[in-house]
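Quick look at final_39.tsv (TSV, C-alpha atoms and all ligand atoms):
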```tsv
chain	number	residue	atom	x	y	z
A	1	MET	CA	-49.72	96.59	-10.20
A	2	ALA	CA	-46.78	95.95	-12.55
A	3	ARG	CA	-46.46	98.42	-15.40
A	4	LYS	CA	-46.90	96.95	-18.89
A	5	VAL	CA	-43.95	97.68	-21.14
A	6	ILE	CA	-42.85	96.83	-24.67
A	7	ILE	CA	-39.08	96.96	-25.19
A	8	ASP	CA	-37.97	97.71	-28.75
A	9	CYS	CA	-34.26	97.00	-29.09
A	10	ASP	CA	-31.31	96.16	-31.34
A	11	PRO	CA	-29.19	93.71	-29.29
A	12	GLY	CA	-26.29	94.60	-28.83
A	13	ILE	CA	-24.68	93.81	-25.50
A	14	ASP	CA	-25.99	97.07	-24.00
A	15	ASP	CA	-29.54	96.09	-24.94
A	16	ALA	CA	-29.02	92.60	-23.45
A	17	VAL	CA	-28.00	94.08	-20.09
A	18	ALA	CA	-31.01	96.40	-20.21
A	19	LEU	CA	-33.33	93.46	-20.92
A	20	THR	CA	-31.84	91.54	-17.99
A	21	LEU	CA	-32.66	94.46	-15.71
A	22	ALA	CA	-36.20	94.87	-17.06
A	23	LEU	CA	-37.29	91.23	-17.30
A	24	PHE	CA	-36.76	90.55	-13.60
A	25	ASP	CA	-37.98	93.78	-12.04
A	26	PRO	CA	-41.35	93.15	-10.32
A	27	ARG	CA	-42.47	96.68	-11.18
A	28	LEU	CA	-42.49	95.81	-14.87
A	29	GLU	CA	-44.53	93.38	-16.95
A	30	VAL	CA	-42.59	93.09	-20.21
A	31	VAL	CA	-45.43	92.06	-22.53
A	32	ALA	CA	-43.27	92.12	-25.67
A	33	VAL	CA	-39.68	92.48	-26.82
A	34	THR	CA	-39.50	93.67	-30.42
A	35	ALA	CA	-36.33	93.54	-32.50
A	36	VAL	CA	-35.11	96.41	-34.66
A	37	ALA	CA	-32.04	96.71	-36.90
A	38	GLY	CA	-29.24	98.92	-35.61
A	39	ASN	CA	-26.27	97.50	-33.75
A	40	VAL	CA	-26.69	94.47	-36.02
A	41	SER	CA	-28.84	93.52	-39.02
A	42	ALA	CA	-32.59	92.99	-38.69
A	43	GLU	CA	-32.20	89.22	-38.96
A	44	GLN	CA	-29.43	89.14	-36.35
A	45	ALA	CA	-31.33	91.44	-33.99
A	46	THR	CA	-34.35	89.15	-34.26
A	47	ARG	CA	-32.20	86.12	-33.46
A	48	ASN	CA	-30.47	87.94	-30.60
A	49	VAL	CA	-33.75	88.95	-28.95
A	50	GLN	CA	-34.87	85.32	-28.94
A	51	THR	CA	-31.45	84.17	-27.73
A	52	ILE	CA	-31.41	86.62	-24.80
A	53	VAL	CA	-34.96	85.82	-23.69
A	54	GLU	CA	-34.35	82.07	-23.95
A	55	GLN	CA	-31.07	82.32	-22.04
A	56	LEU	CA	-32.77	84.31	-19.25
A	57	ASP	CA	-36.04	82.33	-19.30
A	58	PRO	CA	-37.97	84.95	-17.30
A	59	PRO	CA	-41.01	83.99	-15.17
A	60	ARG	CA	-43.34	85.87	-17.56
A	61	TYR	CA	-42.32	85.12	-21.13
A	62	PRO	CA	-42.80	88.13	-23.43
A	63	ARG	CA	-44.07	87.93	-27.00
A	64	LEU	CA	-41.24	88.48	-29.50
A	65	GLY	CA	-41.32	90.62	-32.64
A	66	SER	CA	-39.14	90.24	-35.72
A	67	ALA	CA	-37.24	93.10	-37.32
A	68	THR	CA	-37.01	94.08	-40.96
A	69	GLU	CA	-34.44	96.44	-42.41
A	70	PRO	CA	-35.30	100.16	-42.54
A	71	ASP	CA	-36.13	101.62	-45.94
A	72	SER	CA	-32.76	103.31	-46.23
A	73	ALA	CA	-30.33	101.92	-43.68
A	74	PRO	CA	-26.99	103.68	-43.55
A	75	TYR	CA	-23.95	101.47	-44.10
A	76	ILE	CA	-23.15	101.46	-40.40
A	77	ASP	CA	-23.66	99.23	-37.42
A	78	ARG	CA	-21.99	98.64	-34.08
A	79	ARG	CA	-20.52	95.18	-34.58
A	80	HIS	CA	-17.04	96.61	-33.93
A	81	LEU	CA	-18.14	97.06	-30.31
A	82	ASN	CA	-20.61	94.20	-29.88
A	83	GLY	CA	-19.03	91.45	-31.96
A	84	GLU	CA	-19.96	90.10	-35.40
A	85	ASP	CA	-23.18	88.57	-34.06
A	86	GLY	CA	-23.91	91.46	-31.69
A	87	LEU	CA	-23.52	89.26	-28.61
A	88	ALA	CA	-19.72	89.01	-28.26
A	89	GLY	CA	-19.56	85.99	-30.59
A	90	ALA	CA	-20.32	84.00	-27.44
A	91	GLY	CA	-22.10	81.24	-29.37
A	92	LEU	CA	-25.14	81.33	-27.08
A	93	ALA	CA	-27.62	78.55	-27.74
A	94	VAL	CA	-30.97	79.44	-29.28
A	95	SER	CA	-33.76	77.14	-30.37
A	96	GLN	CA	-35.20	77.06	-33.86
A	97	LEU	CA	-36.27	80.63	-34.59
A	98	ALA	CA	-39.98	80.79	-33.81
A	99	ARG	CA	-42.23	82.32	-36.46
A	100	GLN	CA	-42.82	85.77	-35.12
A	101	HIS	CA	-45.05	88.69	-36.02
A	102	PRO	CA	-43.30	91.75	-37.45
A	103	SER	CA	-42.27	94.06	-34.61
A	104	GLU	CA	-44.48	96.93	-35.77
A	105	LYS	CA	-47.57	94.66	-35.85
A	106	LEU	CA	-46.83	93.31	-32.38
A	107	ILE	CA	-46.44	96.83	-30.99
A	108	CYS	CA	-49.84	97.82	-32.42
A	109	ASP	CA	-51.52	94.62	-31.17
A	110	GLU	CA	-50.19	94.91	-27.62
A	111	VAL	CA	-51.00	98.62	-27.33
A	112	ARG	CA	-54.54	98.03	-28.66
A	113	ALA	CA	-54.94	95.16	-26.14
A	114	ALA	CA	-54.35	97.53	-23.21
A	115	PRO	CA	-55.17	101.11	-24.25
A	116	GLY	CA	-53.42	103.71	-22.12
A	117	GLU	CA	-51.54	101.11	-20.09
A	118	VAL	CA	-48.46	100.32	-22.15
A	119	THR	CA	-45.11	102.12	-22.01
A	120	LEU	CA	-43.08	101.70	-25.18
A	121	VAL	CA	-39.34	101.74	-24.40
A	122	CYS	CA	-37.16	102.32	-27.46
A	123	LEU	CA	-33.55	101.21	-27.06
A	124	GLY	CA	-32.65	101.21	-30.74
A	125	PRO	CA	-33.47	103.11	-33.94
A	126	LEU	CA	-37.09	104.26	-34.21
A	127	THR	CA	-37.89	102.32	-37.38
A	128	ASN	CA	-40.49	100.05	-35.78
A	129	VAL	CA	-42.25	102.86	-33.91
A	130	ALA	CA	-42.61	104.94	-37.07
A	131	ARG	CA	-43.91	101.92	-38.98
A	132	ALA	CA	-46.33	101.09	-36.17
A	133	LEU	CA	-47.60	104.68	-36.28
A	134	THR	CA	-48.16	104.37	-40.04
A	135	ARG	CA	-49.95	101.07	-39.47
A	136	ASP	CA	-52.14	102.50	-36.69
A	137	PRO	CA	-52.32	106.34	-36.70
A	138	GLU	CA	-54.02	106.28	-33.29
A	139	LEU	CA	-51.12	104.33	-31.77
A	140	LEU	CA	-49.44	107.14	-29.84
A	141	SER	CA	-52.75	108.35	-28.41
A	142	LEU	CA	-53.34	104.79	-27.14
A	143	LEU	CA	-49.87	104.50	-25.62
A	144	GLY	CA	-49.39	105.22	-21.93
A	145	ARG	CA	-45.95	106.66	-22.58
A	146	ILE	CA	-42.98	106.40	-24.94
A	147	VAL	CA	-39.43	106.42	-23.56
A	148	ILE	CA	-36.57	106.80	-26.03
A	149	MET	CA	-32.86	106.24	-25.51
A	150	GLY	CA	-31.30	108.47	-28.11
A	151	GLY	CA	-30.14	111.85	-29.27
A	152	SER	CA	-27.87	114.45	-27.79
A	153	VAL	CA	-28.87	117.78	-26.29
A	154	SER	CA	-25.33	119.14	-26.16
A	155	GLY	CA	-24.88	118.23	-29.81
A	156	VAL	CA	-21.97	115.88	-29.13
A	157	GLY	CA	-22.62	112.61	-30.93
A	158	ASN	CA	-21.18	109.11	-30.66
A	159	VAL	CA	-21.40	107.99	-34.27
A	160	THR	CA	-20.63	111.33	-35.94
A	161	PRO	CA	-19.46	114.57	-34.32
A	162	CYS	CA	-23.10	115.58	-33.75
A	163	ALA	CA	-25.34	112.48	-34.04
A	164	GLU	CA	-26.17	109.67	-31.63
A	165	PHE	CA	-26.39	106.18	-33.16
A	166	ASN	CA	-30.08	105.32	-32.63
A	167	ILE	CA	-31.20	108.54	-34.29
A	168	TYR	CA	-28.51	108.54	-36.97
A	169	PHE	CA	-29.41	105.02	-38.10
A	170	ASP	CA	-32.92	106.06	-39.21
A	171	PRO	CA	-33.37	109.86	-39.10
A	172	PRO	CA	-36.72	109.98	-40.98
A	173	SER	CA	-38.31	107.59	-38.48
A	174	ALA	CA	-36.86	109.54	-35.58
A	175	ARG	CA	-38.23	112.80	-37.03
A	176	THR	CA	-41.68	111.21	-37.38
A	177	ILE	CA	-41.70	110.33	-33.69
A	178	PHE	CA	-40.15	113.62	-32.50
A	179	ARG	CA	-42.84	115.52	-34.44
A	180	SER	CA	-45.72	113.28	-33.33
A	181	PRO	CA	-48.35	115.00	-31.14
A	182	THR	CA	-47.65	113.02	-27.99
A	183	THR	CA	-45.39	113.56	-25.00
A	184	LYS	CA	-42.16	111.62	-25.30
A	185	THR	CA	-39.49	111.00	-22.69
A	186	LEU	CA	-35.97	111.18	-24.05
A	187	VAL	CA	-32.91	109.75	-22.30
A	188	PRO	CA	-30.06	111.25	-24.36
A	189	LEU	CA	-26.32	110.58	-24.46
A	190	ASP	CA	-25.76	113.65	-22.25
A	191	VAL	CA	-27.24	111.64	-19.38
A	192	THR	CA	-26.39	108.04	-20.25
A	193	ASP	CA	-22.70	108.82	-20.86
A	194	GLN	CA	-22.39	110.06	-17.28
A	195	VAL	CA	-22.76	106.48	-15.99
A	196	VAL	CA	-19.26	105.12	-16.50
A	197	LEU	CA	-18.78	101.46	-15.53
A	198	SER	CA	-15.28	100.30	-14.67
A	199	LEU	CA	-13.86	96.78	-14.77
A	200	GLU	CA	-15.17	96.48	-11.18
A	201	LEU	CA	-18.53	95.70	-12.82
A	202	LEU	CA	-17.19	92.27	-13.82
A	203	ASN	CA	-16.78	91.43	-10.12
A	204	GLN	CA	-20.30	92.64	-9.38
A	205	LEU	CA	-22.18	90.68	-12.04
A	206	PRO	CA	-24.17	87.69	-10.76
A	207	ASP	CA	-22.06	84.54	-10.90
A	208	GLU	CA	-22.41	81.62	-13.26
A	209	THR	CA	-24.66	79.66	-10.93
A	210	SER	CA	-27.50	81.68	-12.48
A	211	ARG	CA	-28.82	82.08	-16.00
A	212	ALA	CA	-28.43	85.85	-15.82
A	213	GLY	CA	-24.85	85.51	-14.60
A	214	ARG	CA	-23.96	83.09	-17.38
A	215	LEU	CA	-25.38	85.40	-20.04
A	216	LEU	CA	-23.83	88.59	-18.66
A	217	ARG	CA	-20.42	87.03	-18.06
A	218	ALA	CA	-20.44	85.64	-21.59
A	219	ILE	CA	-20.99	89.03	-23.23
A	220	VAL	CA	-20.06	91.98	-20.99
A	221	PRO	CA	-16.27	91.31	-20.88
A	222	HIS	CA	-16.27	91.66	-24.69
A	223	LEU	CA	-17.54	95.21	-24.38
A	224	PHE	CA	-14.60	96.11	-22.13
A	225	ARG	CA	-12.19	94.58	-24.65
A	226	THR	CA	-13.64	96.44	-27.62
A	227	HIS	CA	-13.91	99.72	-25.72
A	228	ARG	CA	-10.20	99.41	-24.98
A	229	HIS	CA	-9.17	98.33	-28.48
A	230	GLU	CA	-11.56	100.48	-30.52
A	231	LEU	CA	-12.06	103.53	-28.31
A	232	GLY	CA	-9.01	103.49	-26.04
A	233	GLN	CA	-11.32	103.48	-23.02
A	234	GLU	CA	-10.83	101.36	-19.86
A	235	SER	CA	-14.53	101.63	-19.00
A	236	ILE	CA	-17.90	101.14	-20.73
A	237	ARG	CA	-21.20	102.95	-20.98
A	238	LEU	CA	-24.52	101.09	-21.03
A	239	SER	CA	-26.89	103.68	-22.49
A	240	ASP	CA	-29.89	101.36	-22.76
A	241	THR	CA	-29.46	100.12	-19.21
A	242	VAL	CA	-29.46	103.72	-17.94
A	243	ALA	CA	-32.69	104.31	-19.91
A	244	ILE	CA	-34.32	101.35	-18.13
A	245	ALA	CA	-33.02	102.72	-14.82
A	246	ALA	CA	-34.64	106.07	-15.68
A	247	MET	CA	-37.95	104.28	-16.05
A	248	LEU	CA	-37.55	102.28	-12.85
A	249	HIS	CA	-36.18	105.08	-10.68
A	250	PRO	CA	-37.50	108.41	-12.04
A	251	GLU	CA	-36.73	110.03	-8.69
A	252	LEU	CA	-33.02	109.76	-9.54
A	253	PHE	CA	-33.41	111.77	-12.75
A	254	HIS	CA	-34.39	115.34	-13.62
A	255	THR	CA	-36.24	116.23	-16.84
A	256	THR	CA	-36.84	119.46	-18.73
A	257	GLU	CA	-39.60	119.92	-21.30
A	258	LEU	CA	-38.23	120.98	-24.66
A	259	SER	CA	-39.28	120.96	-28.29
A	260	GLY	CA	-36.99	118.95	-30.51
A	261	ASP	CA	-36.51	117.80	-34.08
A	262	VAL	CA	-34.16	115.64	-36.14
A	263	GLU	CA	-31.92	116.66	-39.05
A	264	THR	CA	-32.72	114.30	-41.95
A	265	SER	CA	-30.63	115.75	-44.78
A	266	GLY	CA	-27.54	117.56	-43.51
A	267	GLU	CA	-24.23	116.49	-45.06
A	268	LEU	CA	-22.43	116.93	-41.74
A	269	THR	CA	-25.40	117.06	-39.39
A	270	LEU	CA	-27.50	114.05	-40.50
A	271	GLY	CA	-29.20	112.51	-37.47
A	272	ALA	CA	-28.47	115.43	-35.15
A	273	THR	CA	-31.20	116.21	-32.61
A	274	ILE	CA	-31.96	119.91	-32.41
A	275	PHE	CA	-33.70	121.38	-29.35
A	276	ASP	CA	-35.29	124.81	-29.28
A	277	ARG	CA	-34.14	126.40	-26.02
A	278	ARG	CA	-35.08	129.96	-26.94
A	279	PRO	CA	-36.92	131.65	-24.04
A	280	ASN	CA	-40.08	132.31	-26.07
A	281	SER	CA	-39.95	129.40	-28.48
A	282	PRO	CA	-43.15	129.13	-30.54
A	283	GLN	CA	-42.62	125.36	-30.67
A	284	ARG	CA	-44.65	123.03	-28.42
A	285	ALA	CA	-42.29	121.65	-25.76
A	286	ASP	CA	-43.59	118.06	-25.81
A	287	ILE	CA	-40.37	116.17	-25.14
A	288	GLU	CA	-39.49	115.45	-21.52
A	289	VAL	CA	-35.71	115.47	-21.90
A	290	THR	CA	-33.75	113.84	-19.10
A	291	THR	CA	-31.02	116.32	-18.23
A	292	GLU	CA	-29.54	115.33	-14.87
A	293	LEU	CA	-29.17	112.19	-12.76
A	294	ASP	CA	-27.73	110.96	-9.49
A	295	VAL	CA	-24.87	109.00	-11.01
A	296	PRO	CA	-23.79	106.96	-7.94
A	297	ALA	CA	-27.38	106.06	-7.09
A	298	VAL	CA	-28.20	105.05	-10.67
A	299	THR	CA	-25.03	102.96	-10.90
A	300	ASP	CA	-25.96	101.25	-7.62
A	301	CYS	CA	-29.51	100.53	-8.89
A	302	ILE	CA	-28.10	98.91	-12.03
A	303	VAL	CA	-25.70	96.68	-10.09
A	304	ARG	CA	-28.39	95.73	-7.56
A	305	GLY	CA	-30.94	95.06	-10.30
A	306	LEU	CA	-28.56	92.71	-12.13
A	307	ALA	CA	-27.74	90.92	-8.86
A	308	ASP	CA	-31.47	90.48	-8.28
A	309	ALA	CA	-31.83	88.97	-11.74
A	310	GLY	CA	-29.11	86.54	-10.74
A	311	ARG	CA	-30.98	85.54	-7.59
A	312	GLN	CA	-34.16	84.97	-9.61
A	313	THR	CA	-32.38	82.78	-12.18
A	314	ALA	CA	-30.38	80.53	-9.88
A	315	ILE	CA	-29.67	77.21	-11.61
B	1	LIG	O1	-25.98	105.42	-28.84
B	1	LIG	C1	-26.22	104.32	-27.98
B	1	LIG	C2	-27.29	103.46	-28.55
B	1	LIG	O2	-26.87	102.92	-29.81
B	1	LIG	C3	-27.60	102.24	-27.66
B	1	LIG	O3	-28.96	101.91	-27.78
B	1	LIG	C4	-26.78	101.14	-28.28
B	1	LIG	O4	-27.34	99.84	-28.05
B	1	LIG	C5	-26.89	101.49	-29.74
B	1	LIG	O5	-28.14	100.99	-30.21
B	2	CA	CA	-29.63	99.67	-28.38
```

Transcribe the structure of this file into structure tokens.
Ligand code: RIB
Ligand code: CA
Amino acid sequence: MARKVIIDCDPGIDDAVALTLALFDPRLEVVAVTAVAGNVSAEQATRNVQTIVEQLDPPRYPRLGSATEPDSAPYIDRRHLNGEDGLAGAGLAVSQLARQHPSEKLICDEVRAAPGEVTLVCLGPLTNVARALTRDPELLSLLGRIVIMGGSVSGVGNVTPCAEFNIYFDPPSARTIFRSPTTKTLVPLDVTDQVVLSLELLNQLPDETSRAGRLLRAIVPHLFRTHRHELGQESIRLSDTVAIAAMLHPELFHTTELSGDVETSGELTLGATIFDRRPNSPQRADIEVTTELDVPAVTDCIVRGLADAGRQTAI
């Protein structure tokens, strides 16, 4: 029986690759893809979600949710890595934007429709999840599981010296979820940054005789270019794709239960994720933090999963 999932994301090329992996894996039934502001604006993220899903045209079409800006968005995004439109400026065709429910409403509706069965996978800031929780306080108790790509256990950030982007973009929402009385699975930078993809990936992507290949080859090369120009790196990391791999292949990952919280006011530490690793911590350790992974095996699963998406979308 395929596992029902909602993917909340802020496309972003990384998110697009993650969606390609998820939408064609038979173990998953992606019932909804909800847009959230982060890498790009809310409006652009909404457009990009529809663009990606239309370009891939998966066998089971998910419902789509529209993003709205967080209450206090920082003046930051990740267009310098993903392109002005968040999808490499590839000019991908998209039909007239369908009228969509707000992401937080769609999350509540789909969770209520299948209590205990839905896994919510968060690949962007946690704005929608916090809003959904406000809208339906029983939400997290009705969720099967929540998986979050975000944070840093070591304290090394990617957007400031100590904060990871998804958390930094909306710290109050992240704190709400970290403090919520439900078990969360966290896939932090410490783990996702270990999967380093070289230019060899461009030879391994499905070719352009498939919808997945056309999409991936239109956007992934841009990420290599910007990583070289902006970061001086000859390789890329696909944090969201590793988070999907963690869901699909849990046997390749190791988790540790920790208690964690989010800094929401520090001048230097805003958005930092703080974990209590004291031996006799009084805090409830309700975050399953992914700490280790089999890097070669995870990399192989990603490449094989994308190739499979290519086979399923042959033109
Ligand atoms: O820090 C990495 C995260 O920030 C990824 O989800 C990427 O897409 C951006 O949202
Ligand atoms: Ca993302």

Show me which residues sit within 7 Å of ligand CA 2 (chain B) when counting all atoms listed in the file, and put them as a PyMOL selection string. chain A and resi 9-12+14-15+39+123-124+240

Contacts with ligand LIG 1 (chain B) at most 9 Å, all atoms listed in the file counted, listed as a ChimeraX atom specification: /A:9-16,37-40,77-78,82,122-125,149-151,157-159,163-167,169,188-189,192,237-241

Show me, as a ChimeraX atom specification, the residues that have an atom within 9 Å of Ile52 of chain A when counting all atoms listed in the file, minus same-chain residues fewer than 2 positions from it. /A:11,16,19-20,47-50,54-57,92,94,215

Counting all atoms listed in the file, which residue out of A:Asp71, A:Glu267, A:Asp294, A:Glu117 sits closest to Glu251 of chain A? A:Asp294

Interface rows for segment 26-136 of chain A against segment 174-181 of chain A: nearest pair, Å to one decimal, 8 Å, all atoms listed in the file, as a tab-separated table:
```
residue	atom	partner	partner_atom	distance
A:Pro125	CA	A:Ala174	CA	7.5
A:Leu126	CA	A:Ala174	CA	5.5
A:Thr127	CA	A:Ala174	CA	7.5
A:Val129	CA	A:Ile177	CA	7.5
A:Ala130	CA	A:Thr176	CA	6.3
```

Rank nothing, just name the residue among A:Gly155, A:Gly116, A:Pro250, A:Gly91 nearest to Leu143 of chain A, using only C-alpha atoms. A:Gly116

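The smallest atom-to-atom distance between Ala243 of chain A and any of A:Leu201, A:Ala132, A:Val36, A:Leu186, using all atoms listed in the file, is found for A:Leu186.
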
Could you tell me which of A:Ile236, A:Leu293, A:Ala212, A:Leu106 comes closest to Ala314 of chain A if we count all atoms listed in the file? A:Ala212

Which residues, written as an MDAnalysis selection string, have at least one atom at most 6 Å from segment 41-46 of chain A, with only C-alpha atoms counted and residues fewer than 6 positions away on the same chain left out? chainID A and resid 10:11 35 66:69

Just how far from atom CA of Leu64 of chain A is atom CA of Pro171 of chain A, in Å to one decimal?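 If I compute the distance from atom CA of Pro171 of chain A to atom CA of Leu64 of chain A, I get 24.7 Å.
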
Which one is closest to Arg225 of chain A: A:Leu97, A:Ala88, A:Ala22, A:Val31? Count all atoms listed in the file. A:Ala88

From the list A:Arg214, A:Arg284, A:His101, A:Arg79, the nearest residue to Thr226 of chain A using all atoms listed in the file is A:Arg79

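Across the model, the gap from atom CA of Met1 of chain A to atom CA of Asp25 of chain A is 12.2 Å.
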
Might you pull out every residue within 10 Å of Leu268 of chain A, with all atoms listed in the file counted and same-chain residues fewer than 6 positions away left off, and present them as a PDB file with C-alpha atoms, in the frame of the given file?
```pdb
ATOM      1  CA  THR A 160     -20.630 111.330 -35.940  1.00  0.00           C
ATOM      2  CA  PRO A 161     -19.460 114.570 -34.320  1.00  0.00           C
ATOM      3  CA  CYS A 162     -23.100 115.580 -33.750  1.00  0.00           C
ATOM      4  CA  ALA A 163     -25.340 112.480 -34.040  1.00  0.00           C
TER       5      ALA A 163
END
```

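Taking atom CA of His229 of chain A and atom CA of Val242 of chain A as the two end points, the separation is 23.5 Å.
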